[in-house]
$ cat work-v4.cif   # mmCIF, N, CA and C atoms
data_run
loop_
_atom_site.label_atom_id
_atom_site.label_comp_id
_atom_site.auth_asym_id
_atom_site.auth_seq_id
_atom_site.Cartn_x
_atom_site.Cartn_y
_atom_site.Cartn_z
N MET A 1 23.61 155.68 105.16
CA MET A 1 24.26 155.46 106.44
C MET A 1 23.18 155.29 107.51
N LYS A 2 23.39 154.32 108.36
CA LYS A 2 22.44 154.04 109.43
C LYS A 2 23.11 154.24 110.78
N ILE A 3 22.32 154.67 111.74
CA ILE A 3 22.78 154.81 113.11
C ILE A 3 22.02 153.78 113.93
N HIS A 4 22.74 153.00 114.71
CA HIS A 4 22.06 152.05 115.60
C HIS A 4 22.92 151.79 116.82
N ARG A 5 22.28 151.23 117.82
CA ARG A 5 23.00 150.90 119.05
C ARG A 5 23.90 149.70 118.82
N LEU A 6 25.00 149.71 119.52
CA LEU A 6 25.94 148.61 119.48
C LEU A 6 25.25 147.32 119.92
N ASP A 7 25.47 146.25 119.18
CA ASP A 7 25.01 144.94 119.63
C ASP A 7 26.22 144.00 119.67
N ASP A 8 26.02 142.83 120.24
CA ASP A 8 27.13 141.89 120.43
C ASP A 8 27.85 141.57 119.12
N ALA A 9 27.11 141.47 118.04
CA ALA A 9 27.69 141.09 116.76
C ALA A 9 28.66 142.15 116.22
N ASP A 10 28.48 143.41 116.63
CA ASP A 10 29.33 144.51 116.15
C ASP A 10 30.50 144.81 117.07
N PHE A 11 30.58 144.13 118.22
CA PHE A 11 31.55 144.55 119.23
C PHE A 11 33.00 144.49 118.72
N ASP A 12 33.41 143.43 118.06
CA ASP A 12 34.80 143.31 117.63
C ASP A 12 35.18 144.42 116.64
N GLU A 13 34.29 144.71 115.70
CA GLU A 13 34.56 145.79 114.75
C GLU A 13 34.58 147.14 115.45
N PHE A 14 33.68 147.33 116.42
CA PHE A 14 33.68 148.55 117.22
C PHE A 14 35.00 148.70 117.97
N PHE A 15 35.49 147.61 118.56
CA PHE A 15 36.75 147.65 119.28
C PHE A 15 37.89 148.06 118.34
N GLU A 16 37.89 147.57 117.12
CA GLU A 16 38.91 147.97 116.14
C GLU A 16 38.87 149.48 115.90
N LEU A 17 37.66 150.03 115.82
CA LEU A 17 37.52 151.47 115.62
C LEU A 17 38.04 152.25 116.83
N VAL A 18 37.80 151.73 118.03
CA VAL A 18 38.36 152.35 119.24
C VAL A 18 39.89 152.38 119.12
N CYS A 19 40.48 151.29 118.64
CA CYS A 19 41.94 151.23 118.47
C CYS A 19 42.42 152.26 117.46
N TYR A 20 41.68 152.48 116.36
CA TYR A 20 42.02 153.53 115.40
C TYR A 20 42.00 154.89 116.06
N MET A 21 40.97 155.14 116.87
CA MET A 21 40.87 156.42 117.57
C MET A 21 42.09 156.64 118.45
N ILE A 22 42.46 155.62 119.19
CA ILE A 22 43.60 155.75 120.10
C ILE A 22 44.88 156.04 119.34
N LYS A 23 45.09 155.39 118.21
CA LYS A 23 46.31 155.62 117.42
C LYS A 23 46.42 157.05 116.92
N GLU A 24 45.28 157.69 116.69
CA GLU A 24 45.26 159.05 116.17
C GLU A 24 45.30 160.10 117.28
N ALA A 25 45.05 159.70 118.50
CA ALA A 25 44.79 160.64 119.59
C ALA A 25 46.04 161.01 120.39
N GLU A 26 45.86 162.01 121.19
CA GLU A 26 46.88 162.45 122.15
C GLU A 26 47.29 161.30 123.07
N PHE A 27 46.34 160.46 123.42
CA PHE A 27 46.58 159.37 124.37
C PHE A 27 46.95 158.07 123.66
N ARG A 28 47.70 158.18 122.57
CA ARG A 28 48.05 157.01 121.74
C ARG A 28 48.87 155.97 122.47
N ASP A 29 49.47 156.31 123.60
CA ASP A 29 50.23 155.31 124.36
C ASP A 29 49.36 154.48 125.30
N ALA A 30 48.08 154.80 125.38
CA ALA A 30 47.15 154.03 126.22
C ALA A 30 46.80 152.72 125.52
N GLN A 31 46.87 151.65 126.23
CA GLN A 31 46.53 150.34 125.67
C GLN A 31 45.05 150.05 125.93
N PRO A 32 44.27 149.83 124.88
CA PRO A 32 42.85 149.56 125.10
C PRO A 32 42.63 148.22 125.78
N ASP A 33 41.70 148.18 126.69
CA ASP A 33 41.34 146.98 127.43
C ASP A 33 39.96 146.54 126.94
N LYS A 34 39.94 145.46 126.18
CA LYS A 34 38.69 145.01 125.56
C LYS A 34 37.62 144.68 126.60
N GLN A 35 38.01 144.06 127.69
CA GLN A 35 37.04 143.70 128.73
C GLN A 35 36.47 144.94 129.40
N MET A 36 37.32 145.93 129.63
CA MET A 36 36.86 147.18 130.26
C MET A 36 35.83 147.88 129.37
N ILE A 37 36.12 147.90 128.07
CA ILE A 37 35.19 148.52 127.12
C ILE A 37 33.89 147.72 127.06
N TRP A 38 34.00 146.40 127.04
CA TRP A 38 32.81 145.54 127.04
C TRP A 38 31.94 145.83 128.26
N ASN A 39 32.57 145.95 129.43
CA ASN A 39 31.82 146.21 130.67
C ASN A 39 31.07 147.53 130.59
N MET A 40 31.72 148.57 130.06
CA MET A 40 31.05 149.86 129.93
C MET A 40 29.85 149.74 128.98
N CYS A 41 30.04 148.99 127.90
CA CYS A 41 28.96 148.81 126.93
C CYS A 41 27.77 148.06 127.52
N GLN A 42 28.03 147.18 128.47
CA GLN A 42 26.97 146.38 129.08
C GLN A 42 26.30 147.08 130.26
N SER A 43 26.87 148.16 130.72
CA SER A 43 26.31 148.90 131.85
C SER A 43 24.96 149.50 131.48
N PRO A 44 23.99 149.45 132.39
CA PRO A 44 22.70 150.09 132.10
C PRO A 44 22.83 151.61 131.96
N ASP A 45 23.93 152.16 132.44
CA ASP A 45 24.16 153.61 132.32
C ASP A 45 24.96 153.98 131.08
N GLY A 46 25.41 152.99 130.33
CA GLY A 46 26.21 153.26 129.14
C GLY A 46 25.44 153.00 127.86
N VAL A 47 25.87 153.67 126.81
CA VAL A 47 25.28 153.47 125.49
C VAL A 47 26.35 153.72 124.44
N VAL A 48 26.30 152.96 123.37
CA VAL A 48 27.19 153.18 122.23
C VAL A 48 26.33 153.18 120.98
N PHE A 49 26.44 154.25 120.22
CA PHE A 49 25.78 154.33 118.93
C PHE A 49 26.84 154.20 117.84
N LEU A 50 26.48 153.50 116.77
CA LEU A 50 27.38 153.26 115.65
C LEU A 50 26.83 153.92 114.40
N ALA A 51 27.72 154.47 113.59
CA ALA A 51 27.38 154.92 112.25
C ALA A 51 27.90 153.85 111.31
N LYS A 52 26.98 153.31 110.52
CA LYS A 52 27.33 152.17 109.68
C LYS A 52 26.89 152.45 108.25
N THR A 53 27.80 152.24 107.33
CA THR A 53 27.47 152.36 105.92
C THR A 53 27.67 150.99 105.31
N GLU A 54 26.65 150.51 104.64
CA GLU A 54 26.61 149.13 104.16
C GLU A 54 26.92 148.22 105.35
N ASN A 55 28.03 147.53 105.35
CA ASN A 55 28.36 146.67 106.49
C ASN A 55 29.63 147.11 107.19
N LYS A 56 29.97 148.39 107.10
CA LYS A 56 31.19 148.90 107.72
C LYS A 56 30.85 149.95 108.76
N ILE A 57 31.40 149.80 109.96
CA ILE A 57 31.23 150.81 110.99
C ILE A 57 32.22 151.93 110.69
N VAL A 58 31.71 153.15 110.55
CA VAL A 58 32.56 154.29 110.20
C VAL A 58 32.68 155.31 111.33
N GLY A 59 31.93 155.10 112.40
CA GLY A 59 32.00 156.02 113.53
C GLY A 59 31.23 155.49 114.72
N PHE A 60 31.54 156.05 115.87
CA PHE A 60 30.81 155.68 117.09
C PHE A 60 30.75 156.85 118.04
N LEU A 61 29.78 156.80 118.92
CA LEU A 61 29.66 157.74 120.03
C LEU A 61 29.25 156.92 121.24
N ALA A 62 30.13 156.88 122.22
CA ALA A 62 29.88 156.17 123.47
C ALA A 62 29.55 157.20 124.54
N GLY A 63 28.48 156.96 125.26
CA GLY A 63 28.06 157.89 126.30
C GLY A 63 27.78 157.18 127.60
N LEU A 64 27.80 157.94 128.66
CA LEU A 64 27.57 157.41 129.99
C LEU A 64 26.64 158.34 130.75
N LYS A 65 25.61 157.77 131.31
CA LYS A 65 24.68 158.51 132.16
C LYS A 65 25.28 158.52 133.57
N GLN A 66 25.43 159.70 134.13
CA GLN A 66 26.01 159.80 135.48
C GLN A 66 25.46 161.02 136.20
N ARG A 67 25.63 161.01 137.50
CA ARG A 67 25.21 162.15 138.31
C ARG A 67 26.38 163.12 138.47
N TYR A 68 26.02 164.38 138.63
CA TYR A 68 27.03 165.35 139.04
C TYR A 68 27.53 164.88 140.41
N PHE A 69 28.77 165.10 140.73
CA PHE A 69 29.29 164.62 142.02
C PHE A 69 28.65 165.33 143.20
N PHE A 70 28.02 166.47 142.95
CA PHE A 70 27.45 167.29 144.02
C PHE A 70 25.93 167.31 144.02
N SER A 71 25.30 166.52 143.14
CA SER A 71 23.86 166.61 142.98
C SER A 71 23.31 165.30 142.42
N PRO A 72 22.06 164.99 142.75
CA PRO A 72 21.44 163.80 142.15
C PRO A 72 21.03 164.01 140.69
N LYS A 73 21.13 165.24 140.20
CA LYS A 73 20.78 165.52 138.80
C LYS A 73 21.71 164.72 137.89
N GLU A 74 21.12 164.12 136.85
CA GLU A 74 21.92 163.30 135.93
C GLU A 74 22.27 164.07 134.67
N ARG A 75 23.34 163.63 134.05
CA ARG A 75 23.79 164.16 132.77
C ARG A 75 24.31 163.01 131.94
N VAL A 76 24.48 163.24 130.66
CA VAL A 76 25.13 162.28 129.77
C VAL A 76 26.46 162.90 129.35
N THR A 77 27.50 162.12 129.48
CA THR A 77 28.84 162.56 129.10
C THR A 77 29.37 161.63 128.02
N ASP A 78 29.98 162.22 127.00
CA ASP A 78 30.56 161.34 125.99
C ASP A 78 31.83 160.71 126.55
N MET A 79 32.00 159.43 126.27
CA MET A 79 33.18 158.69 126.72
C MET A 79 34.14 158.45 125.55
N GLY A 80 33.64 158.59 124.38
CA GLY A 80 34.44 158.43 123.18
C GLY A 80 33.59 158.75 121.97
N PHE A 81 34.17 159.48 121.05
CA PHE A 81 33.46 159.90 119.84
C PHE A 81 34.49 159.89 118.72
N TYR A 82 34.22 159.09 117.70
CA TYR A 82 35.20 158.96 116.63
C TYR A 82 34.51 158.65 115.32
N VAL A 83 34.99 159.31 114.27
CA VAL A 83 34.55 159.04 112.91
C VAL A 83 35.82 158.86 112.08
N LEU A 84 35.84 157.81 111.27
CA LEU A 84 37.00 157.58 110.41
C LEU A 84 37.30 158.83 109.58
N PRO A 85 38.57 159.14 109.36
CA PRO A 85 38.92 160.38 108.63
C PRO A 85 38.21 160.54 107.29
N GLU A 86 38.05 159.46 106.55
CA GLU A 86 37.42 159.57 105.24
C GLU A 86 35.90 159.81 105.32
N TYR A 87 35.32 159.73 106.52
CA TYR A 87 33.88 159.98 106.69
C TYR A 87 33.61 161.26 107.47
N ARG A 88 34.67 161.98 107.83
CA ARG A 88 34.48 163.28 108.48
C ARG A 88 33.94 164.25 107.44
N GLY A 89 33.00 165.06 107.84
CA GLY A 89 32.37 165.96 106.88
C GLY A 89 31.10 165.37 106.28
N THR A 90 30.82 164.09 106.55
CA THR A 90 29.55 163.50 106.15
C THR A 90 28.54 163.74 107.28
N THR A 91 27.40 163.11 107.20
CA THR A 91 26.40 163.28 108.25
C THR A 91 26.63 162.36 109.45
N ALA A 92 27.68 161.56 109.43
CA ALA A 92 27.90 160.57 110.49
C ALA A 92 27.96 161.21 111.87
N ALA A 93 28.80 162.21 112.06
CA ALA A 93 28.97 162.83 113.38
C ALA A 93 27.66 163.47 113.86
N LEU A 94 27.02 164.21 112.98
CA LEU A 94 25.74 164.84 113.33
C LEU A 94 24.72 163.81 113.77
N ARG A 95 24.60 162.75 113.01
CA ARG A 95 23.58 161.74 113.30
C ARG A 95 23.90 161.00 114.60
N LEU A 96 25.17 160.79 114.90
CA LEU A 96 25.54 160.16 116.17
C LEU A 96 25.16 161.06 117.35
N ILE A 97 25.42 162.34 117.23
CA ILE A 97 25.07 163.28 118.30
C ILE A 97 23.56 163.34 118.48
N LEU A 98 22.83 163.40 117.39
CA LEU A 98 21.36 163.42 117.50
C LEU A 98 20.85 162.15 118.19
N ALA A 99 21.50 161.02 117.94
CA ALA A 99 21.09 159.76 118.57
C ALA A 99 21.31 159.81 120.07
N ILE A 100 22.44 160.33 120.51
CA ILE A 100 22.69 160.36 121.96
C ILE A 100 21.82 161.41 122.63
N GLU A 101 21.52 162.49 121.94
CA GLU A 101 20.59 163.48 122.50
C GLU A 101 19.21 162.87 122.69
N GLU A 102 18.75 162.10 121.72
CA GLU A 102 17.45 161.44 121.83
C GLU A 102 17.46 160.44 122.97
N TRP A 103 18.56 159.67 123.12
CA TRP A 103 18.69 158.71 124.22
C TRP A 103 18.63 159.44 125.56
N ALA A 104 19.28 160.59 125.66
CA ALA A 104 19.23 161.38 126.89
C ALA A 104 17.79 161.81 127.20
N LYS A 105 17.09 162.29 126.20
CA LYS A 105 15.69 162.71 126.39
C LYS A 105 14.82 161.54 126.85
N GLN A 106 15.05 160.37 126.28
CA GLN A 106 14.28 159.19 126.68
C GLN A 106 14.52 158.83 128.15
N HIS A 107 15.65 159.25 128.69
CA HIS A 107 15.98 159.00 130.09
C HIS A 107 15.74 160.24 130.96
N SER A 108 15.00 161.21 130.41
CA SER A 108 14.65 162.45 131.10
C SER A 108 15.89 163.21 131.58
N ILE A 109 16.92 163.17 130.77
CA ILE A 109 18.17 163.89 131.07
C ILE A 109 18.25 165.08 130.13
N HIS A 110 18.58 166.24 130.70
CA HIS A 110 18.55 167.47 129.93
C HIS A 110 19.93 168.04 129.62
N ASP A 111 20.99 167.47 130.17
CA ASP A 111 22.34 167.97 129.94
C ASP A 111 23.17 166.90 129.25
N VAL A 112 23.71 167.24 128.09
CA VAL A 112 24.62 166.36 127.37
C VAL A 112 25.95 167.10 127.25
N TYR A 113 26.99 166.47 127.76
CA TYR A 113 28.33 167.05 127.72
C TYR A 113 29.14 166.35 126.64
N MET A 114 29.63 167.13 125.70
CA MET A 114 30.50 166.62 124.64
C MET A 114 31.86 167.29 124.81
N GLY A 115 32.89 166.48 124.87
CA GLY A 115 34.24 167.01 125.06
C GLY A 115 35.12 166.67 123.87
N GLN A 116 36.39 166.97 124.05
CA GLN A 116 37.37 166.69 123.00
C GLN A 116 38.70 166.44 123.69
N THR A 117 39.14 165.20 123.72
CA THR A 117 40.40 164.86 124.39
C THR A 117 41.41 164.22 123.46
N THR A 118 41.08 164.05 122.19
CA THR A 118 42.01 163.39 121.27
C THR A 118 43.08 164.34 120.75
N ALA A 119 42.83 165.64 120.81
CA ALA A 119 43.71 166.67 120.25
C ALA A 119 43.72 166.65 118.73
N VAL A 120 42.70 166.08 118.11
CA VAL A 120 42.56 166.04 116.66
C VAL A 120 41.50 167.07 116.25
N ASP A 121 41.88 168.01 115.42
CA ASP A 121 40.95 169.02 114.91
C ASP A 121 40.14 169.69 116.03
N VAL A 122 40.83 170.16 117.06
CA VAL A 122 40.16 170.71 118.24
C VAL A 122 39.25 171.88 117.88
N GLU A 123 39.77 172.86 117.16
CA GLU A 123 38.98 174.05 116.83
C GLU A 123 37.79 173.69 115.94
N ARG A 124 38.02 172.81 114.98
CA ARG A 124 36.93 172.39 114.08
C ARG A 124 35.84 171.67 114.88
N THR A 125 36.26 170.81 115.80
CA THR A 125 35.29 170.08 116.63
C THR A 125 34.49 171.04 117.49
N MET A 126 35.17 172.03 118.09
CA MET A 126 34.47 173.00 118.93
C MET A 126 33.46 173.79 118.11
N ARG A 127 33.84 174.20 116.91
CA ARG A 127 32.90 174.93 116.05
C ARG A 127 31.69 174.07 115.71
N PHE A 128 31.95 172.79 115.43
CA PHE A 128 30.86 171.86 115.12
C PHE A 128 29.89 171.75 116.29
N TYR A 129 30.41 171.53 117.49
CA TYR A 129 29.56 171.45 118.68
C TYR A 129 28.79 172.75 118.89
N ASN A 130 29.47 173.88 118.78
CA ASN A 130 28.81 175.17 118.97
C ASN A 130 27.70 175.37 117.94
N HIS A 131 27.94 174.95 116.71
CA HIS A 131 26.93 175.05 115.65
C HIS A 131 25.68 174.25 116.00
N LEU A 132 25.88 173.15 116.74
CA LEU A 132 24.74 172.30 117.14
C LEU A 132 24.06 172.79 118.42
N GLY A 133 24.51 173.92 118.95
CA GLY A 133 23.88 174.50 120.13
C GLY A 133 24.60 174.22 121.43
N TYR A 134 25.74 173.55 121.37
CA TYR A 134 26.53 173.30 122.58
C TYR A 134 27.30 174.56 122.93
N LYS A 135 27.33 174.86 124.22
CA LYS A 135 28.04 176.03 124.72
C LYS A 135 29.38 175.56 125.27
N THR A 136 30.44 176.23 124.88
CA THR A 136 31.76 175.90 125.41
C THR A 136 31.82 176.41 126.85
N VAL A 137 32.02 175.47 127.78
CA VAL A 137 32.01 175.82 129.20
C VAL A 137 33.32 175.47 129.90
N GLY A 138 34.30 175.03 129.17
CA GLY A 138 35.57 174.66 129.79
C GLY A 138 36.57 174.24 128.74
N PHE A 139 37.57 173.51 129.19
CA PHE A 139 38.59 173.02 128.28
C PHE A 139 39.30 171.86 128.94
N ASN A 140 40.14 171.17 128.19
CA ASN A 140 40.93 170.05 128.70
C ASN A 140 42.40 170.41 128.63
N THR A 141 43.13 170.00 129.61
CA THR A 141 44.59 170.11 129.58
C THR A 141 45.17 168.79 130.03
N VAL A 142 46.41 168.52 129.64
CA VAL A 142 47.07 167.30 130.07
C VAL A 142 48.54 167.60 130.31
N LYS A 143 49.08 166.96 131.32
CA LYS A 143 50.51 167.02 131.60
C LYS A 143 50.97 165.59 131.78
N HIS A 144 51.90 165.15 130.94
CA HIS A 144 52.41 163.78 131.04
C HIS A 144 53.53 163.76 132.07
N LEU A 145 53.32 163.03 133.14
CA LEU A 145 54.31 162.94 134.20
C LEU A 145 55.21 161.73 134.00
N ASN A 146 56.47 161.88 134.34
CA ASN A 146 57.41 160.76 134.22
C ASN A 146 57.39 159.90 135.45
#

$ encode --input "work-v4.cif" --output "structure tokens"
Amino acid sequence: MKIHRLDDADFDEFFELVCYMIKEAEFRDAQPDKQMIWNMCQSPDGVVFLAKTENKIVGFLAGLKQRYFFSPKERVTDMGFYVLPEYRGTTAALRLILAIEEWAKQHSIHDVYMGQTTAVDVERTMRFYNHLGYKTVGFNTVKHLN
């Protein structure tokens, strides 16, 4: 399995994986906007890493470099993190996180925020992050309004 940054040639397959994530997630009624995703990928503050086995993308981690709203200090926040169900438990997720941590270091950023908004395996995901040294500092809630 190889980890590499998203390139133009992989975008359509990456977009398909984003659609798989959405179908499995709490926010499954959200319609993905291909142009919006493309724009984020092209931003100098954005990055997408892919986990690829042979010629198949099996996971991705999209991150965004941003400032705290109250400080010029920068952080990296995950914008989407997904591994196909049949590849969960492999090294894909670990290697994607290590890639974004390295990218943050290359940009002299010391805070990486990893969240969980899909509502898929929440406790397992939190244990995985904690095992990697991430400290749980909050939580997500959602209320669907009519």

$ select_by_dssp --input "work-v4.cif" --residues "region 22-105 of chain A" --states "strand (DSSP E)" --output "JSON, numbers by chain"
{"A": [46, 47, 48, 49, 50, 51, 52, 53, 56, 57, 58, 59, 60, 61, 62, 63, 64, 65, 66, 67, 74, 75, 76, 77, 78, 79, 80, 81, 82, 83]}

$ closest_residue --input "work-v4.cif" --among "A:Ile57, A:Ala99, A:Val112, A:Lys34" --to "Glu13 (chain A)" --atoms "only N, CA and C atoms"
A:Ile57

$ atom_distance --input "work-v4.cif" --atom1 "atom N of Ala30 (chain A)" --atom2 "CA of Leu96 (chain A)"
24.9 Å

$ atom_distance --input "work-v4.cif" --atom1 "CA of Met79 (chain A)" --atom2 "atom C of Met1 (chain A)"
21.9 Å

$ atom_distance --input "work-v4.cif" --atom1 "atom N of Ile37 (chain A)" --atom2 "CA of Asn130 (chain A)"
29.7 Å

$ closest_residue --input "work-v4.cif" --among "A:Leu94, A:Ile3, A:Leu17, A:Leu84" --to "Phe49 (chain A)" --atoms "only C-alpha atoms"
A:Ile3

$ closest_residue --input "work-v4.cif" --among "A:Val58, A:Ala25, A:Val142, A:Val122" --to "Tyr87 (chain A)" --atoms "all atoms listed in the file"
A:Val58

$ select_by_dssp --input "work-v4.cif" --residues "chain A" --states "alpha helix (DSSP H)" --output "VMD selection string"
chain A and resid 11 to 24 34 to 42 92 to 106 122 to 131
